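Asker: For reference, this is run33.txt, and it has compact mmCIF, C-alpha atoms.
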```txt
# COMPACT_ATOMS: atom_id res chain seq x y z
CA MET P 1 105.51 137.94 105.35
CA GLU P 2 104.46 141.55 105.05
CA CYS P 3 101.63 143.56 106.58
CA VAL P 4 99.76 145.29 103.73
CA GLY P 5 96.53 146.31 105.41
CA GLU P 6 94.23 145.60 108.34
CA LYS P 7 90.85 143.91 108.16
CA SER P 8 87.76 145.21 109.89
CA ALA P 9 85.59 143.05 112.13
CA ASN P 10 83.30 141.95 109.29
CA GLY P 11 86.23 140.85 107.11
CA THR P 12 86.16 143.64 104.54
CA SER P 13 89.23 145.66 103.59
CA CYS P 14 90.14 148.75 105.54
CA THR P 15 89.28 152.20 104.20
CA PRO P 16 91.90 153.21 101.58
CA GLN P 17 94.41 155.76 102.81
CA LYS P 18 94.27 159.00 100.81
CA SER P 19 96.26 162.17 100.96
CA PRO P 20 94.25 165.09 102.44
CA ILE P 21 94.98 167.23 99.38
CA SER P 22 95.15 164.74 96.50
CA GLU P 23 94.15 161.30 95.33
CA GLN P 24 97.73 160.02 95.13
CA CYS P 25 98.49 156.41 96.07
CA ASN P 26 99.80 155.80 99.57
CA LEU P 27 100.87 152.58 101.23
CA GLY P 28 97.73 150.52 101.84
CA THR P 29 95.56 152.29 99.24
CA ALA P 30 93.13 149.94 97.50
CA CYS P 31 94.18 149.28 93.90
CA LYS P 32 93.44 147.18 90.84
CA ILE P 33 95.64 146.39 87.83
CA VAL P 34 93.73 147.13 84.61
CA ASN P 35 95.12 146.29 81.15
CA GLU P 36 98.50 145.53 82.77
CA VAL P 37 98.70 149.11 84.14
CA ASP P 38 99.68 149.27 87.82
CA PRO P 39 98.26 152.46 89.42
CA CYS P 40 100.71 152.26 92.35
CA ILE P 41 103.89 152.39 90.21
CA PRO P 42 104.11 156.22 89.83
CA ALA P 43 104.21 156.61 93.62
CA GLY P 44 106.93 153.96 93.94
CA PHE P 45 104.65 151.17 95.18
CA VAL P 46 103.31 147.96 93.61
CA CYS P 47 99.68 146.82 93.51
CA ASP P 48 99.55 143.46 95.28
CA PRO P 49 97.47 141.18 93.01
CA PHE P 50 96.17 139.12 95.94
CA TYR P 51 95.39 141.73 98.61
CA GLY P 52 94.49 144.53 96.19
CA VAL P 53 96.44 147.23 98.04
CA CYS P 54 99.59 149.24 97.29
CA ARG P 55 102.67 147.72 98.96
CA LEU P 56 106.45 148.15 98.91
CA PRO P 57 108.14 146.60 95.86
CA HIS P 58 109.89 143.23 96.17
CA GLU P 59 112.99 141.99 94.36
CA TYR P 60 112.90 142.57 90.58
CA GLU P 61 109.72 144.64 90.87
CA GLN P 62 109.55 148.17 89.47
CA CYS P 63 110.45 151.03 91.82
CA VAL P 64 111.22 154.77 91.85
CA PRO P 65 114.80 155.84 92.72
CA GLY P 66 114.67 158.03 95.83
CA GLY P 67 111.09 156.91 96.52
CA PRO P 68 109.69 154.30 98.93
CA ALA P 69 112.22 151.70 100.09
CA CYS P 70 112.36 148.24 98.54
CA GLN P 71 111.19 145.31 100.63
CA GLY P 72 113.77 142.81 101.96
CA ILE P 73 114.23 139.21 100.83
CA ALA P 74 112.22 136.55 102.65
CA ASP P 75 114.06 133.85 104.64
CA SER P 76 117.25 135.90 104.74
CA ALA P 77 119.03 138.67 106.63
CA VAL P 78 118.72 140.99 103.62
CA SER P 79 116.39 143.62 105.07
CA GLY P 80 116.37 145.98 102.10
CA LEU P 81 117.19 146.10 98.42
CA GLN P 82 118.43 148.95 96.26
CA CYS P 83 116.34 150.68 93.61
CA ILE P 84 118.59 150.84 90.52
CA GLU P 85 117.85 152.13 87.03
CA LEU P 86 118.28 149.30 84.53
CA SER P 87 118.82 150.87 81.12
CA TRP P 88 118.23 147.67 79.15
CA ILE P 89 114.63 147.36 80.37
CA GLY P 90 113.85 151.09 80.57
CA HIS P 91 112.96 151.45 84.26
CA ALA P 92 114.29 150.94 87.79
CA GLU P 93 113.91 147.70 89.74
CA CYS P 94 114.69 146.50 93.26
CA VAL P 95 117.89 144.45 93.20
CA GLN P 96 120.41 143.15 95.73
CA PRO P 97 123.80 144.92 95.53
CA CYS P 98 126.82 142.60 95.57
CA GLN P 99 130.58 142.41 95.32
CA GLU P 100 130.72 138.74 94.30
CA THR P 101 128.29 135.92 93.58
CA SER P 102 128.52 134.51 97.12
CA ASP P 103 126.82 137.74 98.31
CA CYS P 104 123.70 136.87 96.29
CA ILE P 105 121.01 135.16 98.37
CA GLY P 106 119.17 133.48 95.50
CA ILE P 107 120.57 130.12 94.36
CA THR P 108 119.91 130.97 90.70
CA GLN P 109 121.68 134.35 90.88
CA SER P 110 125.15 135.62 90.02
CA CYS P 111 126.77 139.02 90.62
CA GLY P 112 126.71 141.14 87.46
CA ASN P 113 127.81 144.65 86.54
CA VAL P 114 125.33 147.53 86.21
CA PRO P 115 127.02 150.24 84.08
CA GLY P 116 127.77 153.26 86.24
CA GLN P 117 126.01 151.83 89.29
CA GLY P 118 128.19 149.03 90.63
CA SER P 119 127.08 145.39 90.69
CA ALA P 120 123.84 143.59 91.55
CA CYS P 121 122.40 140.05 91.64
CA PHE P 122 120.68 138.80 88.49
CA GLY P 123 119.67 135.43 87.06
CA ASN P 124 122.64 133.21 86.25
CA TYR P 125 121.81 132.31 82.63
CA GLY P 126 124.05 131.04 79.85
CA CYS P 127 124.92 127.43 80.69
CA THR P 128 124.27 124.90 77.92
CA ASP P 129 124.99 121.46 79.42
CA TYR P 130 121.42 120.86 80.61
CA PHE P 131 121.08 118.80 83.82
CA ASP P 132 124.88 118.69 84.11
CA ALA P 133 127.30 120.67 86.32
CA CYS P 134 127.75 124.41 85.71
CA PHE P 135 129.50 127.47 87.20
CA ALA P 136 127.40 128.84 90.09
CA GLU P 137 130.03 130.26 92.47
CA VAL P 138 132.93 128.12 91.26
CA THR P 139 133.41 125.58 88.48
CA GLY P 140 131.06 122.60 88.70
CA ASP P 141 129.15 123.61 91.85
CA GLY P 142 125.77 124.10 90.18
CA THR P 143 123.17 122.33 88.02
CA CYS P 144 122.23 123.66 84.58
CA VAL P 145 118.44 123.65 84.31
CA PRO P 146 116.48 124.52 81.12
CA VAL P 147 113.93 127.29 81.74
CA GLN P 148 111.52 129.11 79.46
CA THR P 149 112.23 132.82 79.01
CA SER P 150 110.93 135.53 76.70
CA THR P 151 113.69 134.63 74.25
CA GLY P 152 113.11 130.87 74.38
CA THR P 153 114.78 128.06 76.33
CA GLN P 154 117.86 129.10 78.31
CA GLY P 155 120.09 127.30 80.74
CA GLU P 156 119.92 128.63 84.31
CA CYS P 157 122.68 127.58 86.73
CA THR P 158 121.27 126.61 90.15
CA GLN P 159 123.58 126.44 93.17
CA SER P 160 124.14 122.92 94.48
CA ALA P 161 125.69 121.64 97.70
CA SER P 162 128.52 119.14 97.90
CA ASP P 163 127.39 117.94 101.35
CA ALA P 164 123.69 117.64 100.45
CA GLY P 165 121.66 114.90 102.08
CA VAL P 166 118.21 113.47 101.39
CA ALA P 167 116.26 116.28 103.10
CA CYS P 168 116.21 119.85 101.76
CA ASP P 169 114.43 123.19 102.09
CA HIS P 170 112.38 124.36 99.07
CA SER P 171 113.02 127.97 100.17
CA GLY P 172 116.72 127.33 100.79
CA ASN P 173 119.25 129.95 99.75
CA ARG P 174 122.98 130.65 100.00
CA GLU P 175 122.49 132.01 103.52
CA ASN P 176 120.44 129.31 105.22
CA GLY P 177 121.44 126.26 103.13
CA GLY P 178 119.08 123.32 102.64
CA LEU P 179 120.27 122.76 99.03
CA CYS P 180 120.50 119.56 96.99
CA ALA P 181 123.38 117.92 95.15
CA THR P 182 124.20 118.48 91.47
CA GLY P 183 121.55 116.95 89.21
CA GLN P 184 118.81 117.22 91.84
CA ARG P 185 115.98 119.57 92.81
CA CYS P 186 114.18 120.07 96.11
CA ILE P 187 110.62 118.76 95.87
CA ALA P 188 108.37 118.50 98.93
CA GLY P 189 111.33 118.57 101.31
CA LEU P 190 113.30 115.77 99.60
CA CYS P 191 116.07 115.97 96.99
CA SER P 192 114.73 114.44 93.76
CA GLN P 193 116.70 113.40 90.70
CA LEU P 194 116.22 115.60 87.63
CA CYS P 195 115.42 114.12 84.23
CA ASN P 196 114.62 115.29 80.71
CA ALA P 197 110.85 115.24 80.20
CA GLY P 198 111.16 116.78 76.73
CA MET P 199 110.59 115.33 73.28
CA SER P 200 114.24 114.65 72.41
CA GLY P 201 114.55 111.43 74.36
CA SER P 202 118.09 112.39 75.31
CA GLY P 203 119.58 113.54 78.58
CA PRO P 204 119.29 112.02 82.04
CA THR P 205 116.74 109.30 82.66
CA CYS P 206 115.41 107.93 85.93
CA ASN P 207 117.05 105.08 87.77
CA SER P 208 113.60 104.16 89.07
CA GLY P 209 110.09 105.51 88.59
CA SER P 210 109.01 107.77 85.73
CA CYS P 211 109.99 111.27 84.61
CA LEU P 212 107.32 113.77 85.69
CA ALA P 213 107.27 117.02 83.66
CA PHE P 214 106.74 120.42 85.29
CA GLY P 215 104.87 121.73 82.25
CA ALA P 216 104.01 120.95 78.65
CA THR P 217 106.55 118.65 77.02
CA THR P 218 106.51 120.29 73.59
CA ASP P 219 110.22 121.19 73.55
CA ALA P 220 113.21 118.96 72.96
CA VAL P 221 114.42 119.63 76.51
CA ASP P 222 112.12 120.14 79.51
CA GLU P 223 112.85 119.90 83.21
CA GLY P 224 111.31 116.96 85.00
CA ILE P 225 111.81 115.04 88.23
CA CYS P 226 111.98 111.31 88.76
CA GLN P 227 108.67 110.35 90.34
CA GLN P 228 109.06 107.46 92.75
CA ARG P 229 106.64 104.57 92.34
CA CYS P 230 105.95 104.57 96.05
CA ASP P 231 103.01 103.03 97.91
CA PHE P 232 100.83 105.68 99.57
CA THR P 233 99.15 103.04 101.78
CA ASP P 234 102.45 101.91 103.34
CA PRO P 235 102.76 102.90 107.04
CA ASP P 236 106.56 102.64 106.72
CA GLY P 237 106.89 105.47 104.19
CA GLY P 238 106.19 103.76 100.89
CA GLY P 239 109.66 103.53 99.39
CA GLY P 240 111.04 107.08 99.17
CA PRO P 241 114.75 108.01 99.21
CA SER P 242 116.36 105.97 101.96
CA SER P 243 117.72 107.77 105.01
CA PRO P 244 117.25 106.60 108.62
CA GLU P 245 117.29 110.18 109.96
CA VAL P 246 114.69 111.55 107.54
CA PRO P 247 110.97 110.73 108.00
CA GLU P 248 109.35 110.12 104.63
CA LYS P 249 105.84 109.73 103.33
CA CYS P 250 104.38 108.63 100.02
CA ILE P 251 101.72 111.01 98.68
CA ALA P 252 99.16 109.76 96.19
CA ALA P 253 99.74 111.62 92.92
CA TYR P 254 95.97 111.78 92.47
CA GLU P 255 95.73 114.02 95.56
CA ASP P 256 97.75 116.66 93.72
CA GLY P 257 95.73 116.54 90.50
CA PHE P 258 97.87 114.06 88.55
CA PRO P 259 96.33 111.18 86.52
CA ASP P 260 94.55 108.45 88.46
CA LEU P 261 97.20 105.76 87.99
CA GLY P 262 97.60 104.63 91.57
CA ASP P 263 101.19 105.87 91.86
CA GLY P 264 102.68 108.44 94.18
CA PHE P 265 105.67 110.59 95.01
CA CYS P 266 107.74 110.91 98.17
CA GLU P 267 107.79 113.93 100.46
CA LEU P 268 109.32 114.84 103.80
CA ALA P 269 106.95 113.70 106.55
CA VAL P 270 106.29 115.57 109.79
CA ALA P 271 108.45 114.42 112.68
CA ASN P 272 105.62 113.76 115.16
CA PRO P 273 102.35 113.16 113.28
CA PRO P 274 99.00 112.78 115.07
CA GLY P 275 97.59 109.29 115.42
CA LEU P 276 94.94 107.67 113.27
CA GLY P 277 91.58 109.35 113.91
CA GLN P 278 93.20 112.39 115.55
CA PRO P 279 92.70 116.02 114.37
CA CYS P 280 95.11 117.04 111.61
CA SER P 281 96.07 120.04 109.49
CA GLN P 282 96.25 120.68 105.75
CA GLN P 283 97.77 124.15 106.17
CA ASP P 284 101.49 123.33 106.53
CA PRO P 285 103.22 124.81 103.44
CA LEU P 286 106.01 122.21 103.66
CA HIS P 287 103.78 119.12 103.77
CA GLU P 288 100.67 117.78 102.06
CA ASP P 289 99.19 117.37 105.54
CA SER P 290 100.31 116.61 109.10
CA CYS P 291 99.34 112.91 109.08
CA GLY P 292 101.84 110.06 109.08
CA PRO P 293 102.77 107.57 106.32
CA GLY P 294 99.88 105.51 104.97
CA GLN P 295 97.40 108.17 106.10
CA ALA P 296 95.88 111.42 104.85
CA CYS P 297 94.06 114.36 106.40
CA ALA P 298 90.37 114.37 105.43
CA ALA P 299 87.03 115.86 106.46
CA GLN P 300 84.70 113.33 108.09
CA ASN P 301 81.14 113.26 109.42
CA GLY P 302 79.85 115.88 106.99
CA GLY P 303 82.86 118.11 107.51
CA SER P 304 82.37 118.47 111.25
CA GLU P 305 85.87 117.11 111.94
CA VAL P 306 89.15 116.88 110.06
CA ILE P 307 91.13 113.81 111.10
CA CYS P 308 93.83 111.40 109.91
CA VAL P 309 92.34 108.50 107.92
CA GLN P 310 93.96 105.30 106.73
CA LEU P 311 94.51 105.12 102.97
CA CYS P 312 93.69 102.07 100.87
CA LYS P 313 93.38 100.91 97.27
CA ASN P 314 90.49 99.38 95.29
CA PRO P 315 87.40 101.21 96.67
CA GLY P 316 84.48 98.92 97.42
CA THR P 317 86.67 96.13 98.81
CA GLN P 318 88.08 95.49 102.27
CA SER P 319 91.57 96.11 100.86
CA ASN P 320 94.05 96.70 103.68
CA CYS P 321 91.37 98.13 105.98
CA PRO P 322 90.64 96.73 109.46
CA ILE P 323 87.88 94.14 109.84
CA GLY P 324 84.50 95.85 109.73
CA GLN P 325 85.69 98.65 107.42
CA THR P 326 85.83 98.95 103.64
CA CYS P 327 87.82 101.09 101.25
CA GLN P 328 85.71 104.19 100.56
CA TYR P 329 86.06 106.30 97.38
CA TRP P 330 88.48 109.25 97.53
CA TYR P 331 87.40 112.42 95.70
CA SER P 332 89.66 115.03 94.16
CA ALA P 333 88.01 118.12 92.61
CA GLY P 334 84.68 116.26 92.77
CA VAL P 335 85.94 113.22 90.83
CA ALA P 336 86.18 109.82 92.51
CA SER P 337 89.41 107.86 92.14
CA THR P 338 89.09 104.34 90.76
CA ILE P 339 92.17 103.26 92.71
CA MET P 340 92.63 105.43 95.81
CA GLY P 341 90.39 105.37 98.86
CA SER P 342 90.24 105.70 102.64
CA CYS P 343 89.11 103.17 105.21
CA GLY P 344 85.75 103.78 106.81
```
Would you write out, as structure tokens, the structure that this file holds?
Answerer:
Amino acid sequence: MECVGEKSANGTSCTPQKSPISEQCNLGTACKIVNEVDPCIPAGFVCDPFYGVCRLPHEYEQCVPGGPACQGIADSAVSGLQCIELSWIGHAECVQPCQETSDCIGITQSCGNVPGQGSACFGNYGCTDYFDACFAEVTGDGTCVPVQTSTGTQGECTQSASDAGVACDHSGNRENGGLCATGQRCIAGLCSQLCNAGMSGSGPTCNSGSCLAFGATTDAVDEGICQQRCDFTDPDGGGGPSSPEVPEKCIAAYEDGFPDLGDGFCELAVANPPGLGQPCSQQDPLHEDSCGPGQACAAQNGGSEVICVQLCKNPGTQSNCPIGQTCQYWYSAGVASTIMGSCG
């Protein structure tokens, strides 16, 4: 996280900082990108698209050599990056200097030469055996994943871990670990099997469940993950990857905007969830919500409270609800599910 500006008592942005003798951009100055032109770039800053203020540049963002320092890398001990002129793109960017690939924090990076300026960490592209093993740090310790670039589909080698378990960290890197095994990707805190969601019909397929695409499946090869056909009403987890030490929870795919088919996908559950009817949170970036398996966090009583509710199927029936309750319709983006509901 980075402090980019304070907020006044009424919630509006602070007064932009201006130089006493000019209108140059300073850290915290209000800004707006117009026609892809960033007004903070000449001063060595970047206009943050969310906060609308000039901030220090992050990794791979444009910078000015000798100007403001580059920001460090999140979730790592790398406190600062180096602003290096990259001749092949025509400007300088913030990059991590390195001596070898193991120095690079990012799991999709390798150490490459910058003519006349040493070496730095860049994307590890060039593998061709999609979904198979590739050279990350050493032979066969990565997974080749097809990604869309400005020049078309390219293989990007992602670092894997030989001692990977079921649980993982979606922000994991070479410093703090939390990586998955070859042929897997970290989704919602659990290592999920990769598959080819493209049009070719070739490549890895799922042992169970269906192949869920990350984007449009218009290419022959597209990255997908094997979506588990788990039961989101099951208080025992619903059938995710089996591991006694890892709490799991089935999330209804409809909750995340997928088609209303009654299926779900597995995620890492919170270790100590609140009980049924207890206050809950939807703000944890690592979880759908803080409720336990078979439950979901929902607003009740006109929005006056947010509590854990029991999930059910077939709205309008008693379903698996306690005696005296029925399965109520569940809404996502204002549309009622024909399959998913909550007891009430």
Asker: Can you work out the spacing between atom CA of Ile307 of chain P and atom CA of Gln227 of chain P in Å, to one decimal?
Answerer: 27.4 Å
Asker: Using Å and a single decimal, report how far atom CA of Pro315 of chain P sits from atom CA of Ala252 of chain P.
Answerer: 14.5 Å
Asker: Would you mind telling me which residue in P:Cys127, P:Cys186, P:Ile33, P:Cys40 lies nearest to Gln62 of chain P when using only C-alpha atoms?
Answerer: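 Among P:Cys127, P:Cys186, P:Ile33, P:Cys40, it is P:Cys40 that comes nearest to Gln62 of chain P.
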Asker: Could you please give me, as a short mmCIF file (atom, residue, chain, number, x, y, z; two decimals) with C-alpha atoms, keeping the file's coordinate frame, the residues of protein, DNA or RNA lying at most 9 Å from (95.5, 148.4, 91.3) in the coordinate frame of the file, considering all atoms listed in the file?
Answerer:
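Writing done, so here's point35.cif:
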```cif
data_model
loop_
_atom_site.label_atom_id
_atom_site.label_comp_id
_atom_site.auth_asym_id
_atom_site.auth_seq_id
_atom_site.Cartn_x
_atom_site.Cartn_y
_atom_site.Cartn_z
CA THR P 29 95.56 152.29 99.24
CA ALA P 30 93.13 149.94 97.50
CA CYS P 31 94.18 149.28 93.90
CA LYS P 32 93.44 147.18 90.84
CA ILE P 33 95.64 146.39 87.83
CA VAL P 34 93.73 147.13 84.61
CA VAL P 37 98.70 149.11 84.14
CA ASP P 38 99.68 149.27 87.82
CA PRO P 39 98.26 152.46 89.42
CA CYS P 40 100.71 152.26 92.35
CA VAL P 46 103.31 147.96 93.61
CA CYS P 47 99.68 146.82 93.51
CA ASP P 48 99.55 143.46 95.28
CA PRO P 49 97.47 141.18 93.01
CA GLY P 52 94.49 144.53 96.19
CA VAL P 53 96.44 147.23 98.04
CA CYS P 54 99.59 149.24 97.29
#
```
Asker: To one decimal place in Å, what is the distance between atom CA of Gln295 of chain P and atom CA of Val309 of chain P?
Answerer: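 Answer for the atom CA of Gln295 of chain P to atom CA of Val309 of chain P separation: 5.4 Å.
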Asker: Go through P:Ser171, P:Ser290, P:Asn113, P:Gln184 and flag the residue nearest Gln99 of chain P, using only C-alpha atoms for the distances.
Answerer: P:Asn113
Asker: Determine, counting only C-alpha atoms, which protein, DNA and RNA residues have an atom within 12 Å of an atom of Pro259 of chain P; residues of the same chain fewer than 4 positions away are not included. Present the result as a list of chain:residue names.
Answerer: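 Everything that qualifies: P:Leu212, P:Ala252, P:Ala253, P:Tyr254, P:Glu255, P:Asp263, P:Gly264, P:Ser332, P:Val335, P:Ala336, P:Ser337, P:Thr338, P:Ile339, P:Met340.
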Asker: Find the residues around Cys230 of chain P up to 9 Å (only C-alpha atoms counted), leave out those fewer than 5 positions away in its own chain, and share them as a ChimeraX atom specification.
Answerer: /P:209,237-240,249-252,263-266
Asker: Tell me which of P:Ser342, P:Asn173, P:Gln193, P:Gln109 sits closest to Ser76 of chain P, counting all atoms listed in the file.
Answerer: P:Asn173
Asker: Between P:Val145, P:Gly341, P:Cys195, P:Cys291, single out the one closest to Asp260 of chain P, counting all atoms listed in the file.
Answerer: P:Gly341
Asker: With all atoms listed in the file as the basis for distance, which of P:Cys70, P:Val64, P:Ala220, P:Ile105 is at the shortest distance from Leu86 of chain P?
Answerer: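 Residue with the minimum atom-to-atom distance to Leu86 of chain P: P:Val64.
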Asker: Tell me, as a PyMOL selection string, which residues lie within 9 Å of Arg185 of chain P, counting all atoms listed in the file; anything in the same chain fewer than 4 positions away does not count.
Answerer: chain P and resi 160+168+170+179-181+190-194+225
Asker: Of the candidates P:Gln117, P:Gln278, P:Gln154, P:Gln328, which one gets nearest to Asp129 of chain P if we count only C-alpha atoms?
Answerer: P:Gln154
Asker: Can you pull out the residues contacting Asp222 of chain P? Cut-off 7 Å, using all atoms listed in the file, and skip same-chain residues under 6 positions away; I want them as a list in words.
Answerer: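 Once the nearby chain positions are removed, what remains is Pro146, Asn196, Ala197 and Gly198 of chain P.
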Asker: Suppose we keep C-alpha atoms; can you now write the selection as a compact mmCIF listing (two decimals), keeping the file's coordinate frame?
Answerer:
```txt
# COMPACT_ATOMS: atom_id res chain seq x y z
CA PRO P 146 116.48 124.52 81.12
CA ASN P 196 114.62 115.29 80.71
CA ALA P 197 110.85 115.24 80.20
CA GLY P 198 111.16 116.78 76.73
```
Asker: Do a neighbour search on Asn272 of chain P at 12 Å with only C-alpha atoms, toss out local chain neighbours closer than 6 positions, and write the hits as an MDAnalysis selection string.
Answerer: chainID P and resid 247:248 280 290:293
Asker: Is it possible to get the residues within 6 Å of (115.3, 113.2, 102.7) (coordinates as in the file, counting all atoms listed in the file) written as a PyMOL selection string?
Answerer: chain P and resi 166-167+190+246
Asker: Take every atom of segment 76-87 of chain P listed in the file, fit an axis-aligned box around them, add 3 Å per side, and give the centre and edge lengths in Å to one decimal as lines of an AutoDock Vina configuration file.
Answerer:
```
center_x = 117.7
center_y = 144.0
center_z = 93.9
size_x = 8.7
size_y = 22.2
size_z = 31.5
```
